[in-house]
Amino acid sequence: MADDPGRGGAPSRRLGEIAALVSAAAAVVGILLGVFGVPSFHSASPVRPRIEPDSPVGTAAAPSAQPAASLAVLPQGWRRVREADLTAAFAVPDGWKRTKKNEIQSIWASPGGTYEIVVKRDTSYGATARAAADGQLAWYRKEAESSMAGLRATTHTAEQGGKDAVRLELDYHWSGQVTPRRRVEVFVAGDAGHVYQLLVDTTATDGHLAAQRELFDTARAQLVTDVE
């Protein structure tokens, strides 16, 4: 039987139709990619995380162990301080001045010197809060070295930044003086065998104790250890 002229080159025609369909499908895919913004695997640039610059001195950067979100809201009239040498960040009231700074501590005093806030990082008495508190208390009891006389101390377990901590409350007076003083402190272990110590010291007169407690609670809430 002779080939039907109406069907002449049927295989070639089918191949052409298939090629046209493939081409149309590719065009549709291209349009969809353009509309929905799907990137090409070959040409798209990788998405890189944004690296934030280091926080300037005077602001507290948060370490991985204690994120910034865990900090209490900074009260009005306070400012954050970062001591890079101590790998610590904390806060002091406006108008306070740093009176001493060395490799292990930073001391801040109120106008007139009625109150002091001290932040210390040390390895002298051990790597735990308990060992550091016991060692520091033993040194305080050496009046010839500490100049602290009539010392009475109480020790409490506590928590600081999600870690076990020790709180000391000390009543004393300076050698050769009679004015009573009160010191409250907290000890918390950090990295690399360091222990951080935060204290507030004042004279225990004229209603200073209530203000001291407020200072201590606020300073504790703003303390960040192991700041990188």
# chains A, B, ... in the order shown; residues from 1 in each chain; ligands from 1
$ residues_around --residues "segment 130-133 of chain A" --least-positions-apart "6" --cutoff "10 Å" --atoms "only C-alpha atoms" --output "list in words"
Asp122, Thr123, Ser124, Trp139, Thr155, His156, Thr157, Asp164, Ala165, Val166, Arg167, Leu168, Glu185, Val186, Phe187, Val188, Ala189, His194, Val195, Tyr196 and Gln197 of chain A
$ residues_around --residues "Lys97 of chain A" --least-positions-apart "2" --cutoff "10 Å" --atoms "only C-alpha atoms" --output "PyMOL selection string"
chain A and resi 92-95+99-100+107-111+113+116
$ residues_around --residues "Ala211 of chain A" --least-positions-apart "4" --cutoff "12 Å" --atoms "only C-alpha atoms" --output "list of chain:residue names"
A:Ser110, A:Thr114, A:Tyr115, A:Glu116, A:Arg182, A:Val200, A:Asp201, A:Thr202, A:Thr203, A:Ala204, A:Thr205, A:Asp206, A:Gly207, A:Leu215, A:Phe216, A:Asp217, A:Thr218
$ atom_distance --atom1 "atom CA of Phe90 of chain A" --atom2 "atom CA of Asp226 of chain A"
11.5 Å
$ atom_distance --atom1 "atom CA of Ala91 of chain A" --atom2 "atom CA of Thr179 of chain A"
27.9 Å
$ closest_residue --among "A:Ser106, A:Pro180, A:Ala72, A:Asp134" --to "Asp85 of chain A" --atoms "only C-alpha atoms"
A:Ser106
$ select_by_dssp --residues "segment 113-174 of chain A" --states "strand (DSSP E or B)" --output "PyMOL selection string"
chain A and resi 115-122+148-160+163-174
